[in-house]
Structures are given as structure tokens and as C-alpha cells.
Amino acid sequence: MGARIMATPLPDELLDLARSQRDQVPELSSQLIRLLSEKTECYRRVARDYPEELRKVCEVHLNGAFSSFIEHREVELGNALKTGRAQARIGITLPDALRAYRLAGTFIYEVLVERGGRPNSVTPEQMLQASTMVWRIIDAYSEALTTAYREVEAERGRLDDKARSALMDGILEGRIAQRPDLEDAAGVLGLPSSGKLVVIVADDSSVVDAIGSRAVWRRRVHSAGVDMNVGIMAVGTGLDALREVLAKTHGVVGVSTPFTDLTEVPTALHRARIARRSLPHGANGVVVFGDLPVAAMVAGAPALAAELAHELLAGVLALPPAEREILLSTLEAWYEQDGSAKNAGKNLYVHPNTVRYRIRRIEDLTGRDLNRPVCVAELYLALQAVRLGL
């Protein structure tokens, strides 16, 4: 990175103008965020997912630029380096980041022109001096940003695939849990050090293609012998945008609830796996842990759930396959329609009395009375276990 620059001393008129703008940094930051969101798709996503972080970055950079003007001091580039590293790690490309700085430079210049162009204010020569200084600062910030991106790429390139996989496994399994080691490993892998994160578990590679470099991925073999793509990624303020992306992929995808500390990764991985197992056997889709609480409870203790379900539904499961499926589908429809035989019959294209007959048969085979809430709960849990393929 080149030498830092010193802000040129300004005449009193420009100093007064810079001071007045520094006092308005919060308002100017909001305006700059709106501009970035309007002009770039990338920062529209950042403003949605990381609104507080983006606001702080804009305020720090604007305040630093105006302070360099006012105090005639060296332009501080540490924040630009920090911002660059953070943006590189959440998948913002360098061209997008540099464009944001150019837009910010234009914004600051236009603000100064608007204020400085008023009657009895600064002269055109003084405005030219201010413009030159603005762009010198933006150039310095841009150079620092580029350096930060190169540092992140260098970190990622220092390890071969085997070593990177070992680091990722250490974080996923909780073997790398001490703060300094954890932060170092996260930095090398390109994991963000702050903000909300999730763990994603998917069996289909289309998820990896859809998310891309916004997540750090590891192909792992589950204890059951199933190949899984496991990713850790930042989600900002919520999961809606991630759901939209994942909904266009294939297979079954499980997502943990958001967390903020990398020490929580092993727990999040466990929850993402449970979420993935919460869909009925053979179904595809996206499940975030907590979307299907009963199914998650069953999937969280599969061996016990399977044992209890097969004991409770033994009489039904012992029937020939076609007859067994008729009764299970009827019971499923009955639950989906809140116990209404009439509505369940419409969904199944049978008479309500047929539904009632089948429900009575299930009661006889299981010894459970579906007029009793406790029996309703027991059979529902058992049905979930069977539908999950346990």
C-alpha cells in the first residue's frame, strides 16, 4: 500500500464548511446508504442484511474524511482496511466495493458544491481545492481497500485444501474453540468475525452453486454414511433472502437458527441436521430449525422416536402396505384438517363417514382414543416419526 496522505491546509471558509458537514454525518450517512442501495444491487443487499454495520461504516468513513480536512492530519486508513477485510469475507467483490467508494466521493463532492455554492460562501478556486482533496482521500481509501482484499485472498491461499478442510472440521466439531485460535482459523477461512451466521446442511450441490462464496463450504460424510454439503455463512438481519435463494435449489436443505459467536457452530450444525431430517421421507424443500417443532423433536431423537412409534403404531404397521398407507394418509389428513372428518374427506376424495370409519379402525389397532388430547398428541408424534422414515 502507498504512503498515507496528509490533508492540505484549507482556508477558513472551507474549514467552516467541513465542520458544518461533520456535524451532519449521521444524516449524510443515511443519504449515502440510500444512494448506494439505489445504484448497486450488492449494497442493496448489504443495507438489507447488515443495516447497522453499513451505517457505522459510512459514519466512520465520512467522519474520518471531514476530520482530515478540518484537523489537517494524516488520513487514517485503518478503518478502510478493516472494512475491506470484512467485505471480502462476506462475498462483496472488489469492483463493487471500489464503485461504492467512487459513489461516496461523488456524493461528498456534490454535498460540498451544494453548500459551498451558496452566495457569500467559498470561491470556485477554493471549491476546486476541496474537490481535489476529496478525491485524494477517496483514492487513498480505495488503495487501502484493494490492499485489504489482497490480504484476505492471500490468507485463503496460504493453506491447501486439506489444511483448510481440517480447520473447517475443527470449527464444526468444536475442537477449535479458544478465542485466539478460533478467530485465526475464521480469518484464514474467510468467515466473518461479527454479525449473524447460520449453518446450512444440504445433500445437493445446487445449494453450493446458488450460495457460492457467500458461505464457506465443506463436504462431509455424516455418521449415517450420507454425503452432505455443510456451509457457514452470514445472514445479516434475517433469513428471508436466504430462504428465497434456497427455495430455487434441489434436494433437502436444513438451516440452523442464526447465531453470533463461532463457538456456537457445533450446536448450529446439530440443529441444521435436525432441520434437514424434519421433512417427510422423500420430500424436498428448505427447513429452518424451528419451522416444524414437532418434527424437529422427533428427528432430534430418532432412535427413541422410532422405537416408540413402532410400538404405538404396531397394529397399523403390520397391515399390508396398501392398507397401511390408506390408514396413515387418512390420519395425516385428519390432523391437517384439525380433526374434521368432513374436510379430510374432501382432501382424500372420500365420504366423511369413510374417514370416521378409518379413524375408528386406527383407534382399535392402537388402543388410543382420539377424543382424548393425550392420545391425539401421542399418535401425532408417532405419525411424524413414521413419515420421517424412522
# chains A, B, ... in the order shown; residues from 1 in each chain; ligands from 1

call {"tool": "residues_around", "arguments": {"residues": "stretch 350-357 of chain A", "least_positions_apart": "3", "cutoff": "12 Å", "atoms": "only C-alpha atoms", "output": "list in words"}}
result
Ile326, Leu327, Leu328, Ser329, Thr330, Leu331, Glu332, Ala333, Trp334, Tyr335, Gln337, Gly339, Ser340, Ala341, Lys342, Asn343, Ala344, Gly345, Lys346, Asn347, Arg360, Arg361, Ile362, Glu363, Asp364 and Leu370 of chain A

call {"tool": "write_last_selection", "arguments": {"atoms": "C-alpha atoms", "output": "PDB file, in the first residue's frame"}}
result
ATOM      1  CA  ILE A 326     -54.595 -45.716   3.446  1.00  0.00           C
ATOM      2  CA  LEU A 327     -54.910 -45.525   7.237  1.00  0.00           C
ATOM      3  CA  LEU A 328     -51.760 -43.411   7.683  1.00  0.00           C
ATOM      4  CA  SER A 329     -52.813 -40.986   4.917  1.00  0.00           C
ATOM      5  CA  THR A 330     -56.260 -40.676   6.476  1.00  0.00           C
ATOM      6  CA  LEU A 331     -54.772 -39.984   9.893  1.00  0.00           C
ATOM      7  CA  GLU A 332     -52.438 -37.404   8.336  1.00  0.00           C
ATOM      8  CA  ALA A 333     -55.324 -35.640   6.565  1.00  0.00           C
ATOM      9  CA  TRP A 334     -57.385 -35.721   9.769  1.00  0.00           C
ATOM     10  CA  TYR A 335     -54.607 -33.909  11.640  1.00  0.00           C
ATOM     11  CA  GLN A 337     -57.795 -30.550   8.936  1.00  0.00           C
ATOM     12  CA  GLY A 339     -59.818 -33.342  13.285  1.00  0.00           C
ATOM     13  CA  SER A 340     -62.551 -32.546  10.766  1.00  0.00           C
ATOM     14  CA  ALA A 341     -63.731 -35.722   9.028  1.00  0.00           C
ATOM     15  CA  LYS A 342     -65.681 -33.601   6.534  1.00  0.00           C
ATOM     16  CA  ASN A 343     -62.662 -31.558   5.404  1.00  0.00           C
ATOM     17  CA  ALA A 344     -60.318 -34.539   5.486  1.00  0.00           C
ATOM     18  CA  GLY A 345     -62.796 -36.403   3.282  1.00  0.00           C
ATOM     19  CA  LYS A 346     -62.720 -33.577   0.725  1.00  0.00           C
ATOM     20  CA  ASN A 347     -58.933 -33.763   0.550  1.00  0.00           C
ATOM     21  CA  ARG A 360     -62.113 -45.763  14.479  1.00  0.00           C
ATOM     22  CA  ARG A 361     -60.045 -48.564  12.964  1.00  0.00           C
ATOM     23  CA  ILE A 362     -56.839 -46.750  13.876  1.00  0.00           C
ATOM     24  CA  GLU A 363     -58.162 -46.320  17.418  1.00  0.00           C
ATOM     25  CA  ASP A 364     -58.900 -50.054  17.630  1.00  0.00           C
ATOM     26  CA  LEU A 370     -58.651 -39.727  19.568  1.00  0.00           C
TER      27      LEU A 370
END

call {"tool": "residues_around", "arguments": {"residues": "A:Arg99", "least_positions_apart": "4", "cutoff": "10 Å", "atoms": "only C-alpha atoms", "output": "VMD selection string"}}
result
chain A and resid 36 39 to 40 94 to 95 103 to 105 142

call {"tool": "write_last_selection", "arguments": {"atoms": "N, CA and C atoms", "output": "tab-separated table (two decimals), in the first residue's frame"}}
result
chain	number	residue	atom	x	y	z
A	36	LEU	N	-26.26	4.33	-2.25
A	36	LEU	CA	-25.61	3.05	-2.56
A	36	LEU	C	-26.66	1.98	-2.86
A	39	LYS	N	-28.07	2.56	-6.38
A	39	LYS	CA	-27.14	2.44	-7.51
A	39	LYS	C	-26.54	1.05	-7.66
A	40	THR	N	-26.52	0.25	-6.60
A	40	THR	CA	-25.86	-1.06	-6.68
A	40	THR	C	-26.72	-2.14	-6.04
A	94	LEU	N	-14.46	-6.94	-5.09
A	94	LEU	CA	-13.64	-5.73	-5.06
A	94	LEU	C	-14.19	-4.65	-6.00
A	95	PRO	N	-14.58	-4.98	-7.25
A	95	PRO	CA	-15.16	-3.93	-8.11
A	95	PRO	C	-16.38	-3.25	-7.49
A	103	LEU	N	-18.80	6.27	-5.63
A	103	LEU	CA	-20.11	6.90	-5.40
A	103	LEU	C	-20.06	7.78	-4.15
A	104	ALA	N	-19.35	7.33	-3.12
A	104	ALA	CA	-19.23	8.13	-1.91
A	104	ALA	C	-18.47	9.42	-2.18
A	105	GLY	N	-17.40	9.34	-3.00
A	105	GLY	CA	-16.64	10.54	-3.35
A	105	GLY	C	-17.48	11.55	-4.10
A	142	SER	N	-9.44	3.81	-1.44
A	142	SER	CA	-9.56	2.74	-2.44
A	142	SER	C	-8.31	1.88	-2.46

call {"tool": "residues_around", "arguments": {"residues": "A:Ser30", "least_positions_apart": "6", "cutoff": "9 Å", "atoms": "only C-alpha atoms", "output": "list in words"}}
result
Arg55, Cys58 and Glu59 of chain A

call {"tool": "closest_residue", "arguments": {"among": "A:Asn229, A:Val134, A:Leu383, A:Thr366", "to": "A:Val111", "atoms": "only C-alpha atoms"}}
result
A:Val134

call {"tool": "select_by_dssp", "arguments": {"residues": "stretch 254-330 of chain A", "states": "strand (DSSP E)", "output": "list in words"}}
result
Gly254, Val255, Gly285, Val286, Val287 and Val288 of chain A

call {"tool": "write_last_selection", "arguments": {"atoms": "N, CA and C atoms", "output": "tab-separated table (two decimals), in the first residue's frame"}}
result
chain	number	residue	atom	x	y	z
A	254	GLY	N	-31.32	-28.13	5.29
A	254	GLY	CA	-31.58	-27.76	6.68
A	254	GLY	C	-30.74	-26.56	7.05
A	255	VAL	N	-31.35	-25.63	7.78
A	255	VAL	CA	-30.66	-24.39	8.17
A	255	VAL	C	-30.83	-24.20	9.68
A	285	GLY	N	-37.20	-29.68	-0.03
A	285	GLY	CA	-37.55	-28.34	0.44
A	285	GLY	C	-36.52	-27.80	1.41
A	286	VAL	N	-36.83	-26.63	1.95
A	286	VAL	CA	-35.94	-25.92	2.87
A	286	VAL	C	-36.62	-25.85	4.24
A	287	VAL	N	-35.91	-26.26	5.28
A	287	VAL	CA	-36.44	-26.18	6.64
A	287	VAL	C	-35.43	-25.49	7.52
A	288	VAL	N	-35.86	-24.44	8.18
A	288	VAL	CA	-35.05	-23.78	9.19
A	288	VAL	C	-35.43	-24.38	10.54

call {"tool": "select_by_dssp", "arguments": {"residues": "stretch 118-205 of chain A", "states": "alpha helix (DSSP H)", "output": "PyMOL selection string"}}
result
chain A and resi 124-157+161-172+179-189

call {"tool": "closest_residue", "arguments": {"among": "A:Pro302, A:Gly64, A:Gly91, A:Pro124", "to": "A:Gly78", "atoms": "only C-alpha atoms"}}
result
A:Gly64

call {"tool": "residues_around", "arguments": {"residues": "A:Ala314", "least_positions_apart": "5", "cutoff": "10 Å", "atoms": "only C-alpha atoms", "output": "number ranges by chain"}}
result
A: 308-309, 319, 365-366

call {"tool": "write_last_selection", "arguments": {"atoms": "C-alpha atoms", "output": "PDB file, in the first residue's frame"}}
result
ATOM      1  CA  LEU A 308     -41.946 -45.579  20.437  1.00  0.00           C
ATOM      2  CA  ALA A 309     -43.648 -45.024  17.084  1.00  0.00           C
ATOM      3  CA  LEU A 319     -51.072 -54.370   7.808  1.00  0.00           C
ATOM      4  CA  LEU A 365     -55.468 -51.017  16.274  1.00  0.00           C
ATOM      5  CA  THR A 366     -53.538 -48.626  18.544  1.00  0.00           C
TER       6      THR A 366
END

call {"tool": "atom_distance", "arguments": {"atom1": "atom CA of A:Ser205", "atom2": "atom CA of A:Arg164"}}
result
19.3 Å

call {"tool": "residues_around", "arguments": {"residues": "A:Ala275", "least_positions_apart": "6", "cutoff": "10 Å", "atoms": "only C-alpha atoms", "output": "tab-separated table (two decimals) with N, CA and C atoms, in the first residue's frame"}}
result
chain	number	residue	atom	x	y	z
A	200	ILE	N	-25.63	-24.31	7.18
A	200	ILE	CA	-26.51	-24.91	6.17
A	200	ILE	C	-26.05	-26.34	5.92
A	201	VAL	N	-26.99	-27.26	5.85
A	201	VAL	CA	-26.69	-28.65	5.53
A	201	VAL	C	-27.55	-29.04	4.33
A	252	VAL	N	-33.01	-31.64	-0.15
A	252	VAL	CA	-33.45	-31.22	1.18
A	252	VAL	C	-32.36	-30.36	1.80
A	253	VAL	N	-32.77	-29.20	2.34
A	253	VAL	CA	-31.82	-28.27	2.93
A	253	VAL	C	-32.25	-27.97	4.36
A	254	GLY	N	-31.32	-28.13	5.29
A	254	GLY	CA	-31.58	-27.76	6.68
A	254	GLY	C	-30.74	-26.56	7.05
A	255	VAL	N	-31.35	-25.63	7.78
A	255	VAL	CA	-30.66	-24.39	8.17
A	255	VAL	C	-30.83	-24.20	9.68
A	256	SER	N	-29.74	-23.84	10.34
A	256	SER	CA	-29.81	-23.59	11.78
A	256	SER	C	-30.50	-22.26	12.05
A	257	THR	N	-30.85	-22.02	13.29
A	257	THR	CA	-31.25	-20.67	13.69
A	257	THR	C	-30.00	-19.80	13.71
A	269	LEU	N	-24.70	-26.67	13.81
A	269	LEU	CA	-24.61	-27.79	12.87
A	269	LEU	C	-25.60	-28.89	13.27
A	286	VAL	N	-36.83	-26.63	1.95
A	286	VAL	CA	-35.94	-25.92	2.87
A	286	VAL	C	-36.62	-25.85	4.24
A	287	VAL	N	-35.91	-26.26	5.28
A	287	VAL	CA	-36.44	-26.18	6.64
A	287	VAL	C	-35.43	-25.49	7.52
A	288	VAL	N	-35.86	-24.44	8.18
A	288	VAL	CA	-35.05	-23.78	9.19
A	288	VAL	C	-35.43	-24.38	10.54
A	289	PHE	N	-34.43	-24.63	11.38
A	289	PHE	CA	-34.70	-25.23	12.68
A	289	PHE	C	-35.76	-24.39	13.42
A	290	GLY	N	-36.84	-25.04	13.83
A	290	GLY	CA	-37.95	-24.35	14.49
A	290	GLY	C	-39.16	-24.19	13.61
A	291	ASP	N	-38.99	-24.37	12.28
A	291	ASP	CA	-40.15	-24.28	11.39
A	291	ASP	C	-41.17	-25.37	11.70
A	292	LEU	N	-40.67	-26.58	11.98
A	292	LEU	CA	-41.54	-27.74	12.24
A	292	LEU	C	-41.15	-28.30	13.61
A	293	PRO	N	-41.63	-27.68	14.68
A	293	PRO	CA	-41.14	-28.04	16.02
A	293	PRO	C	-41.37	-29.49	16.41
A	295	ALA	N	-41.78	-32.14	14.39
A	295	ALA	CA	-40.90	-32.96	13.57
A	295	ALA	C	-39.45	-32.84	14.04
A	296	ALA	N	-39.07	-31.64	14.47
A	296	ALA	CA	-37.70	-31.44	14.96
A	296	ALA	C	-37.46	-32.23	16.24
A	297	MET	N	-38.46	-32.25	17.12
A	297	MET	CA	-38.33	-33.04	18.35
A	297	MET	C	-38.15	-34.52	18.03
A	299	ALA	N	-37.08	-35.81	15.09
A	299	ALA	CA	-35.81	-36.01	14.38
A	299	ALA	C	-34.61	-35.86	15.30
A	300	GLY	N	-34.78	-35.10	16.40
A	300	GLY	CA	-33.68	-34.90	17.32
A	300	GLY	C	-33.35	-36.13	18.15

call {"tool": "residues_around", "arguments": {"residues": "A:Ile70", "least_positions_apart": "4", "cutoff": "8 Å", "atoms": "only C-alpha atoms", "output": "ChimeraX atom specification"}}
result
/A:10,15,18-19,66

call {"tool": "write_last_selection", "arguments": {"atoms": "N, CA and C atoms", "output": "compact mmCIF listing (two decimals), in the first residue's frame"}}
result
# COMPACT_ATOMS: atom_id res chain seq x y z
N LEU A 10 -6.66 24.10 4.69
CA LEU A 10 -7.77 24.75 3.98
C LEU A 10 -7.99 26.17 4.49
N LEU A 15 -12.90 25.42 5.94
CA LEU A 15 -12.92 24.77 7.25
C LEU A 15 -14.30 24.86 7.88
N ALA A 18 -16.49 22.35 6.13
CA ALA A 18 -16.20 20.98 6.54
C ALA A 18 -16.73 20.70 7.94
N ARG A 19 -16.59 21.67 8.84
CA ARG A 19 -17.10 21.48 10.21
C ARG A 19 -18.61 21.30 10.21
N PHE A 66 -13.89 14.11 6.84
CA PHE A 66 -14.07 15.51 7.24
C PHE A 66 -13.05 15.90 8.31

call {"tool": "decode", "arguments": {"residues": "stretch 145-195 of chain A", "atoms": "C-alpha atoms", "output": "PDB file, in the first residue's frame"}}
result
ATOM      1  CA  LEU A 145      -9.445  -1.340   0.287  1.00  0.00           C
ATOM      2  CA  THR A 146      -7.561  -3.108  -2.502  1.00  0.00           C
ATOM      3  CA  THR A 147      -4.769  -3.993  -0.090  1.00  0.00           C
ATOM      4  CA  ALA A 148      -7.288  -5.467   2.348  1.00  0.00           C
ATOM      5  CA  TYR A 149      -8.846  -7.640  -0.360  1.00  0.00           C
ATOM      6  CA  ARG A 150      -5.407  -8.893  -1.391  1.00  0.00           C
ATOM      7  CA  GLU A 151      -4.630  -9.748   2.229  1.00  0.00           C
ATOM      8  CA  VAL A 152      -7.813 -11.804   2.529  1.00  0.00           C
ATOM      9  CA  GLU A 153      -7.067 -13.616  -0.733  1.00  0.00           C
ATOM     10  CA  ALA A 154      -3.519 -14.283   0.468  1.00  0.00           C
ATOM     11  CA  GLU A 155      -4.861 -15.704   3.738  1.00  0.00           C
ATOM     12  CA  ARG A 156      -7.164 -18.006   1.832  1.00  0.00           C
ATOM     13  CA  GLY A 157      -4.373 -19.141  -0.430  1.00  0.00           C
ATOM     14  CA  ARG A 158      -1.846 -19.963   2.283  1.00  0.00           C
ATOM     15  CA  LEU A 159      -3.396 -23.316   3.031  1.00  0.00           C
ATOM     16  CA  ASP A 160      -4.010 -26.211   0.714  1.00  0.00           C
ATOM     17  CA  ASP A 161      -7.431 -27.813   0.518  1.00  0.00           C
ATOM     18  CA  LYS A 162      -6.547 -30.478   3.048  1.00  0.00           C
ATOM     19  CA  ALA A 163      -5.441 -27.942   5.651  1.00  0.00           C
ATOM     20  CA  ARG A 164      -8.494 -25.742   5.033  1.00  0.00           C
ATOM     21  CA  SER A 165     -10.755 -28.759   5.451  1.00  0.00           C
ATOM     22  CA  ALA A 166      -9.039 -29.575   8.738  1.00  0.00           C
ATOM     23  CA  LEU A 167      -9.637 -26.038  10.010  1.00  0.00           C
ATOM     24  CA  MET A 168     -13.277 -26.157   8.949  1.00  0.00           C
ATOM     25  CA  ASP A 169     -13.732 -29.519  10.652  1.00  0.00           C
ATOM     26  CA  GLY A 170     -12.140 -28.138  13.814  1.00  0.00           C
ATOM     27  CA  ILE A 171     -14.683 -25.319  13.942  1.00  0.00           C
ATOM     28  CA  LEU A 172     -17.654 -27.545  13.036  1.00  0.00           C
ATOM     29  CA  GLU A 173     -16.749 -30.128  15.667  1.00  0.00           C
ATOM     30  CA  GLY A 174     -15.810 -27.637  18.372  1.00  0.00           C
ATOM     31  CA  ARG A 175     -12.172 -28.733  18.554  1.00  0.00           C
ATOM     32  CA  ILE A 176     -11.073 -25.182  17.742  1.00  0.00           C
ATOM     33  CA  ALA A 177     -12.905 -23.293  20.468  1.00  0.00           C
ATOM     34  CA  GLN A 178     -10.402 -20.998  22.186  1.00  0.00           C
ATOM     35  CA  ARG A 179     -10.869 -17.382  21.151  1.00  0.00           C
ATOM     36  CA  PRO A 180      -7.459 -16.568  19.561  1.00  0.00           C
ATOM     37  CA  ASP A 181      -7.250 -19.870  17.654  1.00  0.00           C
ATOM     38  CA  LEU A 182     -10.897 -19.632  16.596  1.00  0.00           C
ATOM     39  CA  GLU A 183     -10.515 -16.098  15.266  1.00  0.00           C
ATOM     40  CA  ASP A 184      -7.322 -17.007  13.415  1.00  0.00           C
ATOM     41  CA  ALA A 185      -8.994 -20.014  11.793  1.00  0.00           C
ATOM     42  CA  ALA A 186     -12.044 -17.951  10.862  1.00  0.00           C
ATOM     43  CA  GLY A 187      -9.818 -15.301   9.295  1.00  0.00           C
ATOM     44  CA  VAL A 188      -7.966 -17.849   7.184  1.00  0.00           C
ATOM     45  CA  LEU A 189     -11.200 -19.464   6.019  1.00  0.00           C
ATOM     46  CA  GLY A 190     -12.816 -16.113   5.286  1.00  0.00           C
ATOM     47  CA  LEU A 191     -15.549 -16.392   7.905  1.00  0.00           C
ATOM     48  CA  PRO A 192     -16.901 -13.048   9.149  1.00  0.00           C
ATOM     49  CA  SER A 193     -15.984 -12.209  12.722  1.00  0.00           C
ATOM     50  CA  SER A 194     -19.250 -10.433  13.558  1.00  0.00           C
ATOM     51  CA  GLY A 195     -22.931 -10.398  12.638  1.00  0.00           C
TER      52      GLY A 195
END
